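Undergrad: The following block contains the structure, expressed as structure tokens.
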Amino acid sequence: MKNLFGISLLSLANTESKIKIMATIVHLSVNIQRILDNYRNKKINFIQDDNGKMLGDKVARVELKFLQSKGHKLISCSNDCIGFDPFGGGCPGHIINPENNTLLNSTL
Ligand SMILES: [Zn+2]
């Protein structure tokens with residue numbers, strides 16, 4: 001059985017029970033200050049709003065500064081990261097259900 005990433009899930013079997021090794025996923029995140037520092041002389045044109053619309057450079061900078069004013073240090077690279085901690089923890093990690101490749105629960 002393969003998950004979303006083509007990683008084989010191992011099953012160990014003995015006479016009394018089966019043990020499945022669960023696949024996990026951790027979403028990437030980006031440090032807001034690093035974006036602002038690294039794109040000082042370049043356009044920030046890779047950030048989407050909640051509706052999937054790409055933000056222009058000026059709007060993206062205003063949004064990043066607004067998030068920083070709320071104490072956020074990280075932004076998630078995924079829209080479906082449940083339990084994301086923008087204050088520094090990032091993605092809590094998720095277990096993938098091997099039956100249908102969905103997130104089995106929100107945190108490890
Ligand atoms: Zn996540």
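Labels used: A, B, ... for chains in the order of the structure tokens, numbers from 1 for residues in each chain, and numbers from 1 for ligands as shown.
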Counting only C-alpha atoms and all ligand atoms, what residues are within 9 Å of ligand 1, given as a ChimeraX atom specification?
TA: /A:25-29,76,78-84,90-94,106-107
Undergrad: With N, CA and C atoms retained, export the selected residues as an mmCIF file, in the first residue's frame.
TA:
```
data_model
loop_
_atom_site.group_PDB
_atom_site.id
_atom_site.type_symbol
_atom_site.label_atom_id
_atom_site.label_comp_id
_atom_site.auth_asym_id
_atom_site.auth_seq_id
_atom_site.Cartn_x
_atom_site.Cartn_y
_atom_site.Cartn_z
ATOM 1 N N ILE A 25 3.130 13.251 8.091
ATOM 2 C CA ILE A 25 3.473 14.385 7.243
ATOM 3 C C ILE A 25 3.698 15.600 8.141
ATOM 4 N N VAL A 26 4.659 16.429 7.773
ATOM 5 C CA VAL A 26 4.890 17.704 8.445
ATOM 6 C C VAL A 26 4.914 18.776 7.348
ATOM 7 N N HIS A 27 4.031 19.763 7.476
ATOM 8 C CA HIS A 27 3.971 20.835 6.483
ATOM 9 C C HIS A 27 5.128 21.820 6.659
ATOM 10 N N LEU A 28 5.595 22.333 5.545
ATOM 11 C CA LEU A 28 6.665 23.329 5.590
ATOM 12 C C LEU A 28 6.101 24.672 6.024
ATOM 13 N N SER A 29 6.967 25.488 6.605
ATOM 14 C CA SER A 29 6.609 26.862 6.938
ATOM 15 C C SER A 29 7.796 27.755 6.613
ATOM 16 N N SER A 76 2.503 29.229 7.159
ATOM 17 C CA SER A 76 2.479 27.869 6.640
ATOM 18 C C SER A 76 2.517 27.887 5.116
ATOM 19 N N SER A 78 1.069 25.548 3.531
ATOM 20 C CA SER A 78 -0.082 24.718 3.187
ATOM 21 C C SER A 78 -1.354 25.335 3.757
ATOM 22 N N ASN A 79 -2.461 25.175 3.033
ATOM 23 C CA ASN A 79 -3.741 25.688 3.526
ATOM 24 C C ASN A 79 -4.446 24.698 4.441
ATOM 25 N N ASP A 80 -3.989 23.455 4.488
ATOM 26 C CA ASP A 80 -4.719 22.451 5.261
ATOM 27 C C ASP A 80 -3.948 21.973 6.483
ATOM 28 N N CYS A 81 -3.086 22.822 7.021
ATOM 29 C CA CYS A 81 -2.335 22.448 8.214
ATOM 30 C C CYS A 81 -3.175 22.771 9.455
ATOM 31 N N ILE A 82 -3.710 21.731 10.060
ATOM 32 C CA ILE A 82 -4.558 21.896 11.245
ATOM 33 C C ILE A 82 -3.651 21.999 12.465
ATOM 34 N N GLY A 83 -3.849 23.042 13.260
ATOM 35 C CA GLY A 83 -3.063 23.204 14.470
ATOM 36 C C GLY A 83 -1.740 23.912 14.252
ATOM 37 N N PHE A 84 -1.581 24.604 13.116
ATOM 38 C CA PHE A 84 -0.344 25.322 12.825
ATOM 39 C C PHE A 84 -0.090 26.392 13.886
ATOM 40 N N GLY A 90 5.202 26.106 14.309
ATOM 41 C CA GLY A 90 4.916 25.609 12.973
ATOM 42 C C GLY A 90 3.931 24.446 12.974
ATOM 43 N N CYS A 91 4.119 23.549 12.040
ATOM 44 C CA CYS A 91 3.223 22.395 11.888
ATOM 45 C C CYS A 91 3.445 21.403 13.029
ATOM 46 N N PRO A 92 2.339 20.948 13.639
ATOM 47 C CA PRO A 92 2.492 19.964 14.720
ATOM 48 C C PRO A 92 2.754 18.556 14.206
ATOM 49 N N GLY A 93 2.601 18.328 12.913
ATOM 50 C CA GLY A 93 2.743 16.990 12.348
ATOM 51 C C GLY A 93 1.405 16.289 12.318
ATOM 52 N N HIS A 94 1.222 15.421 11.343
ATOM 53 C CA HIS A 94 -0.056 14.739 11.160
ATOM 54 C C HIS A 94 0.199 13.288 10.781
ATOM 55 N N SER A 106 -5.111 15.610 13.800
ATOM 56 C CA SER A 106 -4.459 16.893 13.550
ATOM 57 C C SER A 106 -3.030 16.940 14.070
ATOM 58 N N THR A 107 -2.717 16.155 15.057
ATOM 59 C CA THR A 107 -1.357 16.220 15.606
ATOM 60 C C THR A 107 -0.828 14.839 15.883
#
```
Undergrad: Check the DSSP output for the backbone and give back, as a PDB file with C-alpha atoms, in the first residue's frame, the residues of stretch 64-106 of chain A in strand (DSSP E or B).
TA:
```
ATOM      1  CA  LEU A  74       6.010  31.740  10.676  1.00  0.00           C
ATOM      2  CA  ILE A  75       3.539  31.299   7.831  1.00  0.00           C
ATOM      3  CA  SER A  76       2.479  27.869   6.640  1.00  0.00           C
ATOM      4  CA  ASP A  85       1.529  27.460  15.397  1.00  0.00           C
ATOM      5  CA  GLY A  90       4.916  25.609  12.973  1.00  0.00           C
ATOM      6  CA  HIS A  94      -0.056  14.739  11.160  1.00  0.00           C
ATOM      7  CA  ILE A  95      -0.614  11.004  10.872  1.00  0.00           C
ATOM      8  CA  ILE A  96      -1.871   9.850   7.474  1.00  0.00           C
ATOM      9  CA  LEU A 103      -4.972  13.177   7.666  1.00  0.00           C
ATOM     10  CA  LEU A 104      -5.970  10.773  10.435  1.00  0.00           C
ATOM     11  CA  ASN A 105      -5.710  13.379  13.178  1.00  0.00           C
TER      12      ASN A 105
END
```
Undergrad: Please provide the set of residues having any atom within 12 Å of A:Leu64, restricted to only C-alpha atoms, with same-chain residues fewer than 2 positions apart removed, written as a ChimeraX atom specification.
TA: /A:30-37,44,47-49,55,57-62,66-75,86
Undergrad: I'd like the interatomic distance between atom CA of A:Asp50 and atom CA of A:Ala23, to a tenth of an Å.
TA: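 Separation between atom CA of A:Asp50 and atom CA of A:Ala23: 28.0 Å.
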Undergrad: Apply DSSP to the backbone of this structure and, from stretch 46-75 of chain A, keep only the residues in alpha helix (DSSP H); write these as a ChimeraX atom specification.
TA: /A:57-69
Undergrad: Quick one: distance from atom CA of A:Thr102 to atom CA of A:Gly89 in Å, one decimal?
TA: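 That distance, rounded to one decimal, is 22.5 Å.
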Undergrad: From the set A:Asn38, A:Asn51, A:Asn97, A:Asn45, which residue has the shortest atom-to-atom contact distance to A:Met22, counting only C-alpha atoms?
TA: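 Looking only at the distances to A:Met22, the closest residue turns out to be A:Asn97.
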Undergrad: Rounded to one decimal in Å, what is the spacing between atom CA of A:Glu63 and atom CA of A:Asn41?
TA: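 Here the two named atoms are 17.6 Å from each other.
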